[in-house]
Structure formats: structure tokens, C-alpha cells
$ cat input17.tsv   # TSV, C-alpha atoms
chain	number	residue	atom	x	y	z
A	1	MET	CA	26.16	-4.28	-23.08
A	2	LYS	CA	25.11	-3.44	-19.53
A	3	LEU	CA	21.45	-2.80	-18.79
A	4	ASP	CA	19.49	-1.68	-15.75
A	5	HIS	CA	16.01	-3.13	-16.14
A	6	ALA	CA	12.94	-3.89	-14.04
A	7	SER	CA	9.44	-5.22	-14.66
A	8	LEU	CA	6.17	-5.05	-12.77
A	9	THR	CA	2.62	-6.25	-13.42
A	10	ASP	CA	-0.40	-5.41	-11.30
A	11	LEU	CA	-4.01	-6.54	-11.18
A	12	GLY	CA	-5.31	-2.99	-10.85
A	13	ARG	CA	-8.18	-1.91	-8.61
A	14	VAL	CA	-11.16	-3.41	-10.47
A	15	ARG	CA	-10.27	-6.57	-12.43
A	16	GLY	CA	-10.54	-9.97	-10.81
A	17	ASN	CA	-7.73	-11.52	-12.88
A	18	ASN	CA	-4.62	-10.38	-14.69
A	19	GLU	CA	-4.75	-10.91	-18.47
A	20	ASP	CA	-1.36	-9.22	-19.00
A	21	SER	CA	1.85	-11.21	-19.47
A	22	PHE	CA	5.43	-10.06	-19.83
A	23	GLY	CA	8.91	-11.41	-20.35
A	24	ASP	CA	12.37	-9.94	-19.77
A	25	TYR	CA	15.12	-12.20	-21.02
A	26	PHE	CA	18.77	-11.24	-20.82
A	27	GLU	CA	21.41	-12.62	-18.49
A	28	GLY	CA	21.65	-16.38	-18.39
A	29	GLU	CA	19.47	-17.01	-21.43
A	30	ILE	CA	20.68	-19.50	-24.04
A	31	ASP	CA	22.22	-17.68	-27.00
A	32	HIS	CA	21.69	-14.32	-25.32
A	33	GLU	CA	25.06	-13.19	-26.67
A	34	LYS	CA	23.83	-13.83	-30.21
A	35	ARG	CA	20.31	-12.49	-29.68
A	36	GLY	CA	20.95	-9.90	-26.98
A	37	ALA	CA	18.15	-8.92	-24.61
A	38	LEU	CA	14.46	-9.45	-25.30
A	39	PHE	CA	11.55	-7.67	-23.60
A	40	VAL	CA	7.88	-8.44	-24.31
A	41	VAL	CA	4.54	-7.09	-23.04
A	42	ALA	CA	1.20	-8.68	-24.00
A	43	ASP	CA	-2.32	-7.62	-22.99
A	44	GLY	CA	-4.83	-10.44	-23.43
A	45	MET	CA	-8.43	-10.18	-24.58
A	46	GLY	CA	-11.23	-12.68	-24.47
A	47	GLY	CA	-12.46	-13.05	-20.94
A	48	HIS	CA	-11.07	-14.54	-17.75
A	49	ARG	CA	-9.44	-17.62	-19.24
A	50	GLY	CA	-8.94	-16.64	-22.85
A	51	GLY	CA	-7.07	-13.39	-22.29
A	52	GLU	CA	-4.68	-14.92	-19.79
A	53	ILE	CA	-3.90	-17.84	-22.07
A	54	ALA	CA	-3.48	-15.75	-25.23
A	55	SER	CA	-1.01	-13.33	-23.64
A	56	LYS	CA	0.96	-16.15	-22.01
A	57	VAL	CA	1.19	-18.11	-25.28
A	58	ALA	CA	2.36	-14.96	-27.07
A	59	VAL	CA	5.16	-14.17	-24.62
A	60	GLU	CA	6.39	-17.75	-24.29
A	61	THR	CA	6.29	-18.44	-28.04
A	62	ILE	CA	8.06	-15.23	-29.00
A	63	HIS	CA	10.75	-15.86	-26.40
A	64	GLU	CA	11.41	-19.44	-27.46
A	65	HIS	CA	11.26	-18.85	-31.21
A	66	TYR	CA	13.38	-15.68	-31.19
A	67	PHE	CA	16.26	-17.24	-29.27
A	68	LYS	CA	16.17	-20.47	-31.25
A	69	SER	CA	15.86	-18.85	-34.68
A	70	GLU	CA	18.76	-19.18	-37.09
A	71	ASP	CA	17.68	-16.10	-39.03
A	72	PRO	CA	20.59	-13.61	-38.96
A	73	ASP	CA	18.12	-10.70	-39.22
A	74	HIS	CA	16.91	-9.94	-35.67
A	75	SER	CA	13.83	-8.07	-36.85
A	76	SER	CA	12.85	-10.88	-39.19
A	77	ALA	CA	13.33	-13.41	-36.39
A	78	LEU	CA	10.92	-11.42	-34.22
A	79	VAL	CA	8.36	-11.14	-37.01
A	80	SER	CA	8.36	-14.90	-37.57
A	81	ALA	CA	8.00	-15.39	-33.81
A	82	PHE	CA	4.90	-13.17	-33.86
A	83	GLU	CA	3.50	-15.11	-36.81
A	84	LEU	CA	3.99	-18.41	-34.98
A	85	ALA	CA	2.38	-17.03	-31.82
A	86	ASN	CA	-0.59	-15.86	-33.86
A	87	LYS	CA	-0.95	-19.32	-35.43
A	88	LEU	CA	-0.84	-21.10	-32.07
A	89	ILE	CA	-3.38	-18.76	-30.47
A	90	VAL	CA	-5.76	-19.14	-33.41
A	91	GLU	CA	-5.45	-22.95	-33.24
A	92	GLN	CA	-6.24	-23.01	-29.51
A	93	SER	CA	-9.13	-20.61	-29.97
A	94	VAL	CA	-10.68	-22.80	-32.68
A	95	SER	CA	-10.10	-26.11	-30.89
A	96	ASP	CA	-11.56	-25.03	-27.53
A	97	PRO	CA	-15.02	-23.35	-27.60
A	98	THR	CA	-14.37	-21.75	-24.21
A	99	LEU	CA	-11.40	-19.88	-25.71
A	100	PHE	CA	-13.06	-18.84	-28.97
A	101	GLY	CA	-12.25	-15.24	-29.92
A	102	MET	CA	-9.31	-14.84	-27.56
A	103	GLY	CA	-6.45	-12.61	-28.64
A	104	THR	CA	-3.72	-10.37	-27.33
A	105	THR	CA	-1.77	-7.23	-28.07
A	106	CYS	CA	2.00	-7.64	-28.06
A	107	THR	CA	4.95	-5.27	-28.05
A	108	SER	CA	8.52	-6.57	-28.18
A	109	MET	CA	11.98	-5.03	-28.11
A	110	ALA	CA	15.30	-6.76	-28.76
A	111	LEU	CA	18.55	-5.00	-27.85
A	112	VAL	CA	21.52	-6.53	-29.63
A	113	ASP	CA	24.75	-5.38	-31.27
A	114	GLY	CA	24.15	-1.76	-30.31
A	115	MET	CA	20.72	-1.64	-31.93
A	116	ALA	CA	17.09	-1.76	-30.77
A	117	TYR	CA	14.58	-3.79	-32.79
A	118	PHE	CA	10.83	-3.41	-32.27
A	119	VAL	CA	7.99	-5.61	-33.50
A	120	HIS	CA	4.50	-4.73	-32.38
A	121	VAL	CA	0.78	-5.35	-32.76
A	122	GLY	CA	-2.13	-3.79	-30.82
A	123	ASP	CA	-2.20	-0.89	-28.39
A	124	SER	CA	0.46	-1.83	-25.88
A	125	ARG	CA	3.32	0.61	-26.38
A	126	ALA	CA	7.07	1.13	-26.50
A	127	TYR	CA	8.70	4.48	-25.69
A	128	ARG	CA	12.27	5.75	-25.83
A	129	GLN	CA	13.65	8.60	-23.76
A	130	ARG	CA	16.89	10.15	-24.99
A	131	ASN	CA	18.49	13.33	-23.65
A	132	GLY	CA	15.32	14.16	-21.75
A	133	THR	CA	12.99	13.77	-24.73
A	134	LEU	CA	10.34	11.05	-24.71
A	135	GLU	CA	9.17	9.51	-27.99
A	136	GLN	CA	6.47	6.89	-28.56
A	137	VAL	CA	8.15	4.35	-30.80
A	138	THR	CA	5.09	2.23	-31.66
A	139	HIS	CA	1.77	3.22	-33.21
A	140	ASP	CA	-1.45	2.01	-31.61
A	141	HIS	CA	-3.45	-0.44	-33.70
A	142	SER	CA	-6.76	0.83	-32.36
A	143	LEU	CA	-9.72	2.85	-33.57
A	144	VAL	CA	-8.87	5.83	-31.39
A	145	GLY	CA	-5.20	5.55	-32.36
A	146	GLU	CA	-6.17	5.95	-36.00
A	147	MET	CA	-8.41	8.87	-35.06
A	148	VAL	CA	-5.56	10.59	-33.22
A	149	ARG	CA	-3.18	10.13	-36.15
A	150	SER	CA	-5.85	11.54	-38.49
A	151	GLY	CA	-6.27	14.60	-36.27
A	152	ILE	CA	-9.92	13.78	-35.48
A	153	ILE	CA	-9.34	13.63	-31.73
A	154	THR	CA	-6.49	14.47	-29.35
A	155	ASP	CA	-4.42	12.13	-27.16
A	156	GLU	CA	-6.38	13.42	-24.18
A	157	ASP	CA	-9.71	12.70	-25.90
A	158	ALA	CA	-8.52	9.16	-26.69
A	159	ARG	CA	-8.14	8.31	-22.99
A	160	THR	CA	-11.88	8.66	-22.36
A	161	HIS	CA	-13.31	7.92	-25.81
A	162	PRO	CA	-16.11	5.30	-25.68
A	163	LYS	CA	-14.42	3.32	-28.49
A	164	ARG	CA	-10.96	3.32	-26.89
A	165	ASN	CA	-11.01	-0.46	-26.41
A	166	VAL	CA	-11.59	-1.27	-30.09
A	167	ILE	CA	-8.37	-2.94	-31.31
A	168	THR	CA	-7.80	-3.08	-35.07
A	169	ARG	CA	-4.94	-5.58	-35.08
A	170	SER	CA	-3.93	-8.25	-32.57
A	171	LEU	CA	-2.53	-11.76	-32.20
A	172	GLY	CA	-5.02	-14.60	-32.48
A	173	VAL	CA	-7.97	-12.86	-34.10
A	174	GLN	CA	-7.18	-13.61	-37.75
A	175	GLU	CA	-5.24	-16.44	-39.36
A	176	SER	CA	-3.08	-13.96	-41.27
A	177	LEU	CA	-1.13	-11.35	-39.30
A	178	THR	CA	1.15	-8.50	-40.32
A	179	PRO	CA	2.89	-7.03	-37.28
A	180	ASP	CA	4.70	-3.70	-37.42
A	181	ALA	CA	8.45	-4.24	-37.77
A	182	LEU	CA	9.97	-0.83	-37.09
A	183	ASP	CA	13.27	0.47	-38.41
A	184	PRO	CA	16.11	-0.48	-36.04
A	185	VAL	CA	17.28	2.29	-33.71
A	186	GLU	CA	20.94	2.79	-32.83
A	187	LEU	CA	21.46	2.70	-29.08
A	188	GLN	CA	23.19	5.37	-27.03
A	189	GLU	CA	24.36	5.12	-23.45
A	190	GLY	CA	21.72	6.61	-21.20
A	191	ASP	CA	18.79	5.66	-23.44
A	192	ALA	CA	15.73	4.61	-21.43
A	193	PHE	CA	12.95	2.43	-22.82
A	194	LEU	CA	9.45	1.80	-21.51
A	195	LEU	CA	7.19	-1.05	-22.64
A	196	CYS	CA	3.71	-1.09	-21.16
A	197	SER	CA	0.10	-2.20	-21.51
A	198	ASP	CA	-2.70	0.32	-21.98
A	199	GLY	CA	-3.63	-0.08	-18.32
A	200	LEU	CA	-0.82	2.44	-17.77
A	201	THR	CA	-1.24	4.82	-20.69
A	202	SER	CA	-5.00	5.13	-20.18
A	203	TYR	CA	-4.27	6.97	-16.94
A	204	VAL	CA	-0.78	8.44	-17.22
A	205	THR	CA	0.21	11.11	-19.74
A	206	ASP	CA	3.35	11.05	-21.85
A	207	VAL	CA	4.66	14.04	-19.90
A	208	GLU	CA	4.29	12.09	-16.66
A	209	LEU	CA	5.93	9.03	-18.19
A	210	GLY	CA	8.90	11.15	-19.19
A	211	GLU	CA	9.19	12.72	-15.75
A	212	ALA	CA	9.19	9.31	-14.09
A	213	LEU	CA	11.78	7.86	-16.49
A	214	ALA	CA	14.07	10.83	-15.88
A	215	LYS	CA	14.37	9.91	-12.20
A	216	GLY	CA	16.37	6.74	-12.83
A	217	GLY	CA	16.18	3.61	-10.66
A	218	THR	CA	14.19	1.32	-12.93
A	219	ALA	CA	12.44	-0.64	-10.14
A	220	ASN	CA	11.31	2.60	-8.49
A	221	VAL	CA	10.06	3.93	-11.83
A	222	CYS	CA	7.94	0.80	-12.36
A	223	SER	CA	6.41	1.10	-8.90
A	224	GLU	CA	5.75	4.82	-9.28
A	225	LEU	CA	3.98	4.41	-12.59
A	226	VAL	CA	1.83	1.49	-11.41
A	227	ASP	CA	0.86	3.44	-8.27
A	228	LEU	CA	-0.03	6.46	-10.40
A	229	ALA	CA	-2.34	4.42	-12.65
A	230	ASN	CA	-3.97	2.73	-9.66
A	231	GLY	CA	-4.44	6.05	-7.93
A	232	ARG	CA	-6.49	7.25	-10.87
A	233	GLY	CA	-8.84	4.30	-10.95
A	234	GLY	CA	-6.80	1.28	-12.00
A	235	ARG	CA	-9.66	-0.14	-14.03
A	236	ASP	CA	-7.34	-2.35	-16.08
A	237	ASN	CA	-4.34	-4.58	-15.48
A	238	ILE	CA	-1.08	-2.64	-15.55
A	239	THR	CA	2.24	-3.96	-16.85
A	240	VAL	CA	5.47	-1.97	-17.07
A	241	ILE	CA	9.00	-2.81	-18.23
A	242	VAL	CA	11.71	-0.15	-17.88
A	243	VAL	CA	15.14	-0.63	-19.47
A	244	ARG	CA	18.09	1.74	-19.24
A	245	VAL	CA	21.26	1.36	-21.33
A	246	VAL	CA	24.12	1.77	-18.85
A	247	SER	CA	26.94	0.96	-21.27
A	248	LEU	CA	27.36	-0.54	-24.74

$ encode --input "input17.tsv" --output "C-alpha cells"
Amino acid sequence: MKLDHASLTDLGRVRGNNEDSFGDYFEGEIDHEKRGALFVVADGMGGHRGGEIASKVAVETIHEHYFKSEDPDHSSALVSAFELANKLIVEQSVSDPTLFGMGTTCTSMALVDGMAYFVHVGDSRAYRQRNGTLEQVTHDHSLVGEMVRSGIITDEDARTHPKRNVITRSLGVQESLTPDALDPVELQEGDAFLLCSDGLTSYVTDVELGEALAKGGTANVCSELVDLANGRGGRDNITVIVVRVVSL
């Protein structure tokens, strides 16, 4: 499998620290032939120190556990990695009063054996573009996400809704966690995937995401999308991973 992929994280125009973390693990990783490629985006919550730590713990734990797991089911291996990350974040939050209440969203994608596996919690997102059509793969675990799915508000309304930052499910907030493990998707050459934090999707529409992805050049796409979000206020950290399937 040959991939063209790039990643970019940015502080934004307002925040004093970056609570986002990301990981892109493919060439050179131990057991990457067995586990394929892994991409992870996490958006931390809980203040200057807590958010940064929670998102970093999530990305590092998921990476390590997924590649070391002996579970032959790739989706199940990711789910157990999420569960372990949740446990570790909760333990740190309880043991250190300065970190109490920290948590993080997390969206992951593993590409292996011609399939894409997604495990997700929170309102970071994964998209797939195929034959010019963009599809949001994940569902937001947020109050406004539930309102959009119920038809109460529109996607456009959700971007400015006063409750848009209310997350209904995340790593580290509760001892028990059930992440979304989505049905595996068969890969096709030319498929493009986008993983991102809500610092991007709060400012950039799905139409604009699709137009950027269609241009190719994954590093340029990352830069264009981050610049677009910053140009519209950049009030949050922005993290983008773009992956294109060149050949299977």
C-alpha cells in the first residue's frame, strides 16, 4: 500500500497553548506490515496543562497499544487501545488535583489489508472523499451534533450555537467508555481521508473541505485548510491530517 499523507497542527490566532495532539504512524513503525498505517487526532480539554496532557496520553497510548496488540481484529485492537487511554487519563486526573477533569476527544483511522478502520469519541472528525464526493465518516459526540442529527438545527447553525462546545462523550471523563467502532470501509485507489479537530470544522464548511481535498498535494491541502480557519478567526487550535491512497 502506497500512501501520500501529511499532518499539520497550529496554535490558532487566540489560544496561548496547543491542546491538540496527533500521530501519523506508517513507514518504519514496528509491525507496520501487520497493523498497516495508523492516524490519530486528539483535542484536549481541561485547561492549559490538563488538555495538553490528556491529548498526548491518548495519542501515545493508542499508538503503542494498537501496534503491540495481538488481537487479530484491527477494530477491536483500536477499541481496547481507546479503553486503556481512557483508564490512564482518568487515573492521572484523579491522582493530580491540578489535572482533575481533564479529557480529550479522539479520532483514529487504521489502514490495513485494503480496509479502513475507524474508532472515535468526541467531536473531532474523519472524512472520506471518493470520486469527488465528500462524506463525514464519524458522528460528533456533542450536544449540537445530536441536535443536527435530530433535525433541530442545521450544520450552519451548529457552528455558532452557544452550546457547541458541550461534548457528550470523551476520553478521561468517565471510568467507563464506549467509543464508536465503525464498520470497516474497503479502500479504493484515489480515496482521500481527512482527520481533524473542531478548530477546523468550526470555520470551514464541508463543501470547502471537499474542494481543498480535490486539489491533491496533501501538504498543501493541510496548509490551505489551516490558513482558511485562521483567516476566519482561528479561535481554537487546528489540527489536520490528510491521507491519499496512491496504490493498494

$ residues_near_point --input "input17.tsv" --point "(-5.7, -19.5, -36.1)" --cutoff "9 Å" --atoms "all atoms listed in the file" --output "list in words"
Asn86, Lys87, Leu88, Ile89, Val90, Glu91, Gln92, Ser93, Val94, Gly172, Val173, Gln174, Glu175 and Ser176 of chain A

$ write_last_selection --input "input17.tsv" --atoms "C-alpha atoms" --output "CSV table (one decimal), in the frame of the given file"
chain,number,residue,atom,x,y,z
A,86,ASN,CA,-0.6,-15.9,-33.9
A,87,LYS,CA,-1.0,-19.3,-35.4
A,88,LEU,CA,-0.8,-21.1,-32.1
A,89,ILE,CA,-3.4,-18.8,-30.5
A,90,VAL,CA,-5.8,-19.1,-33.4
A,91,GLU,CA,-5.4,-23.0,-33.2
A,92,GLN,CA,-6.2,-23.0,-29.5
A,93,SER,CA,-9.1,-20.6,-30.0
A,94,VAL,CA,-10.7,-22.8,-32.7
A,172,GLY,CA,-5.0,-14.6,-32.5
A,173,VAL,CA,-8.0,-12.9,-34.1
A,174,GLN,CA,-7.2,-13.6,-37.8
A,175,GLU,CA,-5.2,-16.4,-39.4
A,176,SER,CA,-3.1,-14.0,-41.3

$ closest_residue --input "input17.tsv" --among "A:Leu213, A:Leu182, A:Ala229, A:Leu248" --to "Leu194 in chain A" --atoms "only C-alpha atoms"
A:Leu213

$ closest_residue --input "input17.tsv" --among "A:Lys215, A:Arg244, A:Arg169, A:Arg128" --to "Ala37 in chain A" --atoms "all atoms listed in the file"
A:Arg244

$ residues_around --input "input17.tsv" --residues "Glu19 in chain A" --least-positions-apart "6" --cutoff "6 Å" --atoms "all atoms listed in the file" --output "PyMOL selection string"
chain A and resi 44+51-52

$ closest_residue --input "input17.tsv" --among "A:Leu38, A:Leu200, A:Met109, A:Leu78" --to "Gly233 in chain A" --atoms "only C-alpha atoms"
A:Leu200

$ closest_residue --input "input17.tsv" --among "A:Glu33, A:Glu64, A:Glu135, A:Asp20" --to "Phe193 in chain A" --atoms "all atoms listed in the file"
A:Glu135

$ atom_distance --input "input17.tsv" --atom1 "CA of Leu171 in chain A" --atom2 "CA of Gly103 in chain A"
5.4 Å

$ residues_near_point --input "input17.tsv" --point "(-6.2, -3.6, -16.6)" --cutoff "12 Å" --atoms "all atoms listed in the file" --output "compact mmCIF listing (two decimals) with C-alpha atoms, in the coordinates of the input"
# COMPACT_ATOMS: atom_id res chain seq x y z
CA THR A 9 2.62 -6.25 -13.42
CA ASP A 10 -0.40 -5.41 -11.30
CA LEU A 11 -4.01 -6.54 -11.18
CA GLY A 12 -5.31 -2.99 -10.85
CA ARG A 13 -8.18 -1.91 -8.61
CA VAL A 14 -11.16 -3.41 -10.47
CA ARG A 15 -10.27 -6.57 -12.43
CA GLY A 16 -10.54 -9.97 -10.81
CA ASN A 17 -7.73 -11.52 -12.88
CA ASN A 18 -4.62 -10.38 -14.69
CA GLU A 19 -4.75 -10.91 -18.47
CA ASP A 20 -1.36 -9.22 -19.00
CA SER A 21 1.85 -11.21 -19.47
CA ALA A 42 1.20 -8.68 -24.00
CA ASP A 43 -2.32 -7.62 -22.99
CA GLY A 44 -4.83 -10.44 -23.43
CA MET A 45 -8.43 -10.18 -24.58
CA GLY A 51 -7.07 -13.39 -22.29
CA GLU A 52 -4.68 -14.92 -19.79
CA SER A 124 0.46 -1.83 -25.88
CA ASN A 165 -11.01 -0.46 -26.41
CA CYS A 196 3.71 -1.09 -21.16
CA SER A 197 0.10 -2.20 -21.51
CA ASP A 198 -2.70 0.32 -21.98
CA GLY A 199 -3.63 -0.08 -18.32
CA LEU A 200 -0.82 2.44 -17.77
CA THR A 201 -1.24 4.82 -20.69
CA SER A 202 -5.00 5.13 -20.18
CA TYR A 203 -4.27 6.97 -16.94
CA VAL A 226 1.83 1.49 -11.41
CA ALA A 229 -2.34 4.42 -12.65
CA ASN A 230 -3.97 2.73 -9.66
CA GLY A 233 -8.84 4.30 -10.95
CA GLY A 234 -6.80 1.28 -12.00
CA ARG A 235 -9.66 -0.14 -14.03
CA ASP A 236 -7.34 -2.35 -16.08
CA ASN A 237 -4.34 -4.58 -15.48
CA ILE A 238 -1.08 -2.64 -15.55
CA THR A 239 2.24 -3.96 -16.85
CA VAL A 240 5.47 -1.97 -17.07

$ closest_residue --input "input17.tsv" --among "A:Tyr127, A:Phe100, A:Tyr117, A:Tyr25" --to "His63 in chain A" --atoms "all atoms listed in the file"
A:Tyr25

$ residues_around --input "input17.tsv" --residues "Ala214 in chain A" --least-positions-apart "3" --cutoff "9 Å" --atoms "all atoms listed in the file" --output "CSV table (one decimal) with C-alpha atoms, in the frame of the given file"
chain,number,residue,atom,x,y,z
A,129,GLN,CA,13.6,8.6,-23.8
A,132,GLY,CA,15.3,14.2,-21.8
A,192,ALA,CA,15.7,4.6,-21.4
A,209,LEU,CA,5.9,9.0,-18.2
A,210,GLY,CA,8.9,11.2,-19.2
A,211,GLU,CA,9.2,12.7,-15.8
A,221,VAL,CA,10.1,3.9,-11.8

$ atom_distance --input "input17.tsv" --atom1 "CA of Thr98 in chain A" --atom2 "CA of Val57 in chain A"
16.0 Å

$ atom_distance --input "input17.tsv" --atom1 "CA of Val121 in chain A" --atom2 "CA of Arg35 in chain A"
21.0 Å
